[in-house]
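Note sheet for the following structure.
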Amino acid sequence: MNKELETIIKKYSMESHKKLNNYLIEKSKDSLIAALMDLLTMYINDKNSSTLREFLTVVVAGYKHRESKIGYNGFKQSVFAPGRTLQCEAKPKNINTNDKKIKKLNGGGNFTDYTFGRLKKDKKEKGLNMLISGFIDGKLIYIIEFPFNSAVFVQHLKRQLLKRFKEGGDKKGEFLRSASFHYQHFIEIKKLKIAYLVDKKELEKHSKYIVKPFFVFLMKKYAK
């Protein structure tokens with residue numbers, strides 16, 4: 001993905017449309033064509049509609065996005081341990097306010113086709129962080145980051161696996177179709193940090209699209 005498209009995506013999701021419009025007017029025709037071609041290529045080659053939201057979540061949190069579907073969604077070098085690479089797994093959720101039945105953001109996400117083997121692999125990956133993000137009509141509201149290998153989070157995933165595989169182990173060709181989670185499964189994690197949050201006024205404006213306990217949790221950042 002070229003840098004021009006990266007900037008446009010950030011401005012679209014994080015700034016007003018007026019600011020984006022002013023930015024685009026100043027760009028050259030060739031620059032805009034290159035960005036559009038890159039965007040079209042991304043959509044034509046990938047049916048996953050959350051690709052841009054995943055990309056934005058990863059780069060805003062300070063990681064480099066990995067375009068390959070193999071491996072984790074992003075990576076960066078550790079500031080505290082030179083030479084060590086940190087991985088991230090992004091779980092973006094978008095709320096469309098034009099839907100007939102609107103679901104609210106609750107810090108939720110899920111792992112598809114999950115297994116004990118995958119859980120073991122994820123636990124062994126040192127420096128693997130979760131990036132939980134929420135969007136409303138394509139606008140980025142929050143990004144929450146915490147270590148995957150946090151006891152309360154891992155235990156929640158394990159309980160779902162045990163419910164699916166009562167023998168306590170994987171079965172060939174079988175999966176837990178969706179290992180889901182929401183804010184209650186990570187807000188008490190000590191190493192949790194809010195990597196991004198819209199300003200207080202904007203957050204309050206969208207409060208009706210966020211479940212109340214989770215909204216209260218997010219608002220605490222502005223109480224400090």
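Here, A, B, ... name the chains of the structure tokens in the order displayed, residue numbers run from 1 inside each chain, and ligands are numbered from 1 in the same displayed order.
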Margin query: If we count only C-alpha atoms and set the cut-off at 12 Å, which residues sit around range 121-129 of chain A, ignoring sequence neighbours fewer than 3 positions away in its own chain? Please answer as number ranges by chain.
Written below: A: 58, 61-63, 71-81, 84-91, 111, 114-118, 132, 143-151, 153-155, 157-158, 191-193, 195
Note to self: From a backbone DSSP assignment, name each residue in range 86-199 of chain A labelled helix (DSSP H, G or I), as a list in words.
What the structure shows: Phe116, Gly117, Arg118, Leu119, Lys120, Lys121, Asp122, Lys123, Lys124, Ala151, Val152, Phe153, Val154, Gln155, His156, Leu157, Lys158, Arg159, Gln160, Leu161, Leu162, Lys163, Arg164, Tyr183, Gln184 and His185 of chain A
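Near Leu32 in chain A, within a cut-off of 12 Å and counting only C-alpha atoms, sit the residues Asn2, Lys3, Glu4, Leu5, Glu6, Thr7, Ile8, Tyr23, Leu24, Ile25, Glu26, Lys27, Met37, Asp38 and Leu39 of chain A, with same-chain residues fewer than 5 positions away left out.
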Put those residues in a file: C-alpha atoms, as a short mmCIF file (atom, residue, chain, number, x, y, z; two decimals), in the first residue's frame.
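Result written to result.cif:
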```
data_model
loop_
_atom_site.label_atom_id
_atom_site.label_comp_id
_atom_site.auth_asym_id
_atom_site.auth_seq_id
_atom_site.Cartn_x
_atom_site.Cartn_y
_atom_site.Cartn_z
CA ASN A 2 1.49 3.35 -1.03
CA LYS A 3 1.97 6.12 1.52
CA GLU A 4 -0.53 8.44 -0.17
CA LEU A 5 -3.36 5.93 0.23
CA GLU A 6 -2.31 5.29 3.84
CA THR A 7 -2.63 9.01 4.60
CA ILE A 8 -6.01 9.29 2.84
CA TYR A 23 -6.08 17.60 1.47
CA LEU A 24 -7.22 15.87 -1.74
CA ILE A 25 -7.60 19.15 -3.65
CA GLU A 26 -3.90 19.87 -3.13
CA LYS A 27 -2.79 16.47 -4.46
CA MET A 37 -5.51 2.05 -8.30
CA ASP A 38 -4.00 0.71 -5.09
CA LEU A 39 -7.39 0.82 -3.36
#
```
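The nearest approach to His206 in chain A among the residues A:Ile189, A:Ile136, A:Leu176, A:Leu161, with only C-alpha atoms taken into account, belongs to A:Ile136.
When the distance limit is 7 Å and only C-alpha atoms are what count, the residues near Asp137 in chain A, minus those fewer than 2 positions from it on the same chain, are Asn94, Ile95, Asn96, Thr97, Phe135 and Lys139 of chain A.
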Checklist line | Two-atom distance - CA of Phe181 in chain A, CA of Leu162 in chain A (Å) | finding: 15.2 Å
Margin query: Could you pull out the strand (DSSP E or B) residues of range 1-223 of chain A, going by DSSP on the backbone, and write them as a VMD selection string?
Written below: chain A and resid 64 to 65 74 to 77 85 to 95 105 109 to 114 128 to 136 139 to 147 176 to 181 193 to 197 210
Check: In Å, how far is it from CA of Lys103 in chain A to CA of Leu131 in chain A?
Finding: 20.2 Å
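Put simply, CA of Glu54 in chain A is 13.5 Å away from CA of Ile141 in chain A.
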Next item on the list: Can you work out which one of A:Leu20, A:Val216, A:Met1, A:Val59 has the shortest atom-to-atom distance to Leu40 in chain A, counting only C-alpha atoms?
Entry: A:Met1
Checklist line | Surrounding residues of Gly138 in chain A excluding itself and chain neighbours under 2 positions, 12 Å, only C-alpha atoms, as JSON, numbers by chain | finding: {"A": [9, 10, 11, 12, 13, 14, 15, 49, 50, 51, 52, 53, 54, 56, 57, 92, 93, 94, 95, 96, 97, 133, 134, 135, 136, 140, 141, 142]}
Can those selected residues be exported to a file as a PDB file, in the first residue's frame so that it contains N, CA and C atoms?
```
ATOM      1  N   ILE A   9      -6.603   7.208   3.951  1.00  0.00           N
ATOM      2  CA  ILE A   9      -7.426   6.335   4.797  1.00  0.00           C
ATOM      3  C   ILE A   9      -7.465   6.867   6.227  1.00  0.00           C
ATOM      4  N   LYS A  10      -6.313   7.281   6.738  1.00  0.00           N
ATOM      5  CA  LYS A  10      -6.244   7.825   8.100  1.00  0.00           C
ATOM      6  C   LYS A  10      -7.117   9.070   8.226  1.00  0.00           C
ATOM      7  N   LYS A  11      -6.995   9.978   7.250  1.00  0.00           N
ATOM      8  CA  LYS A  11      -7.756  11.223   7.310  1.00  0.00           C
ATOM      9  C   LYS A  11      -9.258  10.961   7.192  1.00  0.00           C
ATOM     10  N   TYR A  12      -9.640  10.006   6.360  1.00  0.00           N
ATOM     11  CA  TYR A  12     -11.061   9.688   6.181  1.00  0.00           C
ATOM     12  C   TYR A  12     -11.684   9.186   7.481  1.00  0.00           C
ATOM     13  N   SER A  13     -10.940   8.355   8.209  1.00  0.00           N
ATOM     14  CA  SER A  13     -11.488   7.738   9.417  1.00  0.00           C
ATOM     15  C   SER A  13     -11.248   8.534  10.694  1.00  0.00           C
ATOM     16  N   MET A  14     -10.326   9.497  10.654  1.00  0.00           N
ATOM     17  CA  MET A  14      -9.943  10.174  11.886  1.00  0.00           C
ATOM     18  C   MET A  14     -10.162  11.691  11.862  1.00  0.00           C
ATOM     19  N   GLU A  15     -10.438  12.245  10.680  1.00  0.00           N
ATOM     20  CA  GLU A  15     -10.631  13.688  10.586  1.00  0.00           C
ATOM     21  C   GLU A  15     -11.953  13.995   9.881  1.00  0.00           C
ATOM     22  N   SER A  49     -14.237  -7.513   3.655  1.00  0.00           N
ATOM     23  CA  SER A  49     -14.597  -6.091   3.713  1.00  0.00           C
ATOM     24  C   SER A  49     -13.932  -5.338   4.858  1.00  0.00           C
ATOM     25  N   SER A  50     -13.314  -6.058   5.793  1.00  0.00           N
ATOM     26  CA  SER A  50     -12.700  -5.385   6.941  1.00  0.00           C
ATOM     27  C   SER A  50     -11.220  -5.087   6.716  1.00  0.00           C
ATOM     28  N   THR A  51     -10.729  -5.294   5.499  1.00  0.00           N
ATOM     29  CA  THR A  51      -9.303  -5.111   5.219  1.00  0.00           C
ATOM     30  C   THR A  51      -8.799  -3.727   5.606  1.00  0.00           C
ATOM     31  N   LEU A  52      -9.518  -2.680   5.195  1.00  0.00           N
ATOM     32  CA  LEU A  52      -9.073  -1.323   5.502  1.00  0.00           C
ATOM     33  C   LEU A  52      -9.150  -1.035   6.994  1.00  0.00           C
ATOM     34  N   ARG A  53     -10.166  -1.544   7.665  1.00  0.00           N
ATOM     35  CA  ARG A  53     -10.284  -1.327   9.107  1.00  0.00           C
ATOM     36  C   ARG A  53      -9.164  -2.051   9.852  1.00  0.00           C
ATOM     37  N   GLU A  54      -8.816  -3.225   9.380  1.00  0.00           N
ATOM     38  CA  GLU A  54      -7.687  -3.956   9.969  1.00  0.00           C
ATOM     39  C   GLU A  54      -6.398  -3.170   9.772  1.00  0.00           C
ATOM     40  N   LEU A  56      -5.957   0.065   9.212  1.00  0.00           N
ATOM     41  CA  LEU A  56      -5.950   1.296  10.002  1.00  0.00           C
ATOM     42  C   LEU A  56      -5.677   1.000  11.472  1.00  0.00           C
ATOM     43  N   THR A  57      -6.291  -0.045  11.998  1.00  0.00           N
ATOM     44  CA  THR A  57      -6.086  -0.433  13.394  1.00  0.00           C
ATOM     45  C   THR A  57      -4.618  -0.705  13.670  1.00  0.00           C
ATOM     46  N   PRO A  92     -11.057  -5.621  14.346  1.00  0.00           N
ATOM     47  CA  PRO A  92     -11.901  -4.431  14.180  1.00  0.00           C
ATOM     48  C   PRO A  92     -13.382  -4.771  14.059  1.00  0.00           C
ATOM     49  N   LYS A  93     -14.213  -3.894  14.595  1.00  0.00           N
ATOM     50  CA  LYS A  93     -15.666  -4.032  14.478  1.00  0.00           C
ATOM     51  C   LYS A  93     -16.243  -2.709  13.987  1.00  0.00           C
ATOM     52  N   ASN A  94     -17.188  -2.786  13.064  1.00  0.00           N
ATOM     53  CA  ASN A  94     -17.812  -1.579  12.532  1.00  0.00           C
ATOM     54  C   ASN A  94     -19.322  -1.619  12.752  1.00  0.00           C
ATOM     55  N   ILE A  95     -19.881  -0.491  13.168  1.00  0.00           N
ATOM     56  CA  ILE A  95     -21.321  -0.354  13.346  1.00  0.00           C
ATOM     57  C   ILE A  95     -21.869   0.536  12.235  1.00  0.00           C
ATOM     58  N   ASN A  96     -22.855   0.029  11.510  1.00  0.00           N
ATOM     59  CA  ASN A  96     -23.509   0.818  10.463  1.00  0.00           C
ATOM     60  C   ASN A  96     -24.818   1.363  11.027  1.00  0.00           C
ATOM     61  N   THR A  97     -24.876   2.661  11.223  1.00  0.00           N
ATOM     62  CA  THR A  97     -26.055   3.260  11.860  1.00  0.00           C
ATOM     63  C   THR A  97     -27.283   3.287  10.952  1.00  0.00           C
ATOM     64  N   SER A 133     -10.489  -2.834  18.059  1.00  0.00           N
ATOM     65  CA  SER A 133     -10.900  -1.504  17.594  1.00  0.00           C
ATOM     66  C   SER A 133     -12.392  -1.455  17.284  1.00  0.00           C
ATOM     67  N   GLY A 134     -12.941  -0.248  17.383  1.00  0.00           N
ATOM     68  CA  GLY A 134     -14.351  -0.036  17.093  1.00  0.00           C
ATOM     69  C   GLY A 134     -14.536   1.126  16.132  1.00  0.00           C
ATOM     70  N   PHE A 135     -15.391   0.931  15.143  1.00  0.00           N
ATOM     71  CA  PHE A 135     -15.700   1.955  14.145  1.00  0.00           C
ATOM     72  C   PHE A 135     -17.210   2.184  14.122  1.00  0.00           C
ATOM     73  N   ILE A 136     -17.607   3.401  13.853  1.00  0.00           N
ATOM     74  CA  ILE A 136     -19.019   3.723  13.649  1.00  0.00           C
ATOM     75  C   ILE A 136     -19.142   4.421  12.302  1.00  0.00           C
ATOM     76  N   LEU A 140     -13.117   5.695  12.996  1.00  0.00           N
ATOM     77  CA  LEU A 140     -12.417   5.026  14.088  1.00  0.00           C
ATOM     78  C   LEU A 140     -12.752   5.684  15.423  1.00  0.00           C
ATOM     79  N   ILE A 141     -13.216   4.882  16.380  1.00  0.00           N
ATOM     80  CA  ILE A 141     -13.590   5.388  17.700  1.00  0.00           C
ATOM     81  C   ILE A 141     -12.528   5.048  18.741  1.00  0.00           C
ATOM     82  N   TYR A 142     -12.058   3.820  18.762  1.00  0.00           N
ATOM     83  CA  TYR A 142     -11.073   3.408  19.769  1.00  0.00           C
ATOM     84  C   TYR A 142     -10.207   2.253  19.277  1.00  0.00           C
TER      85      TYR A 142
END
```
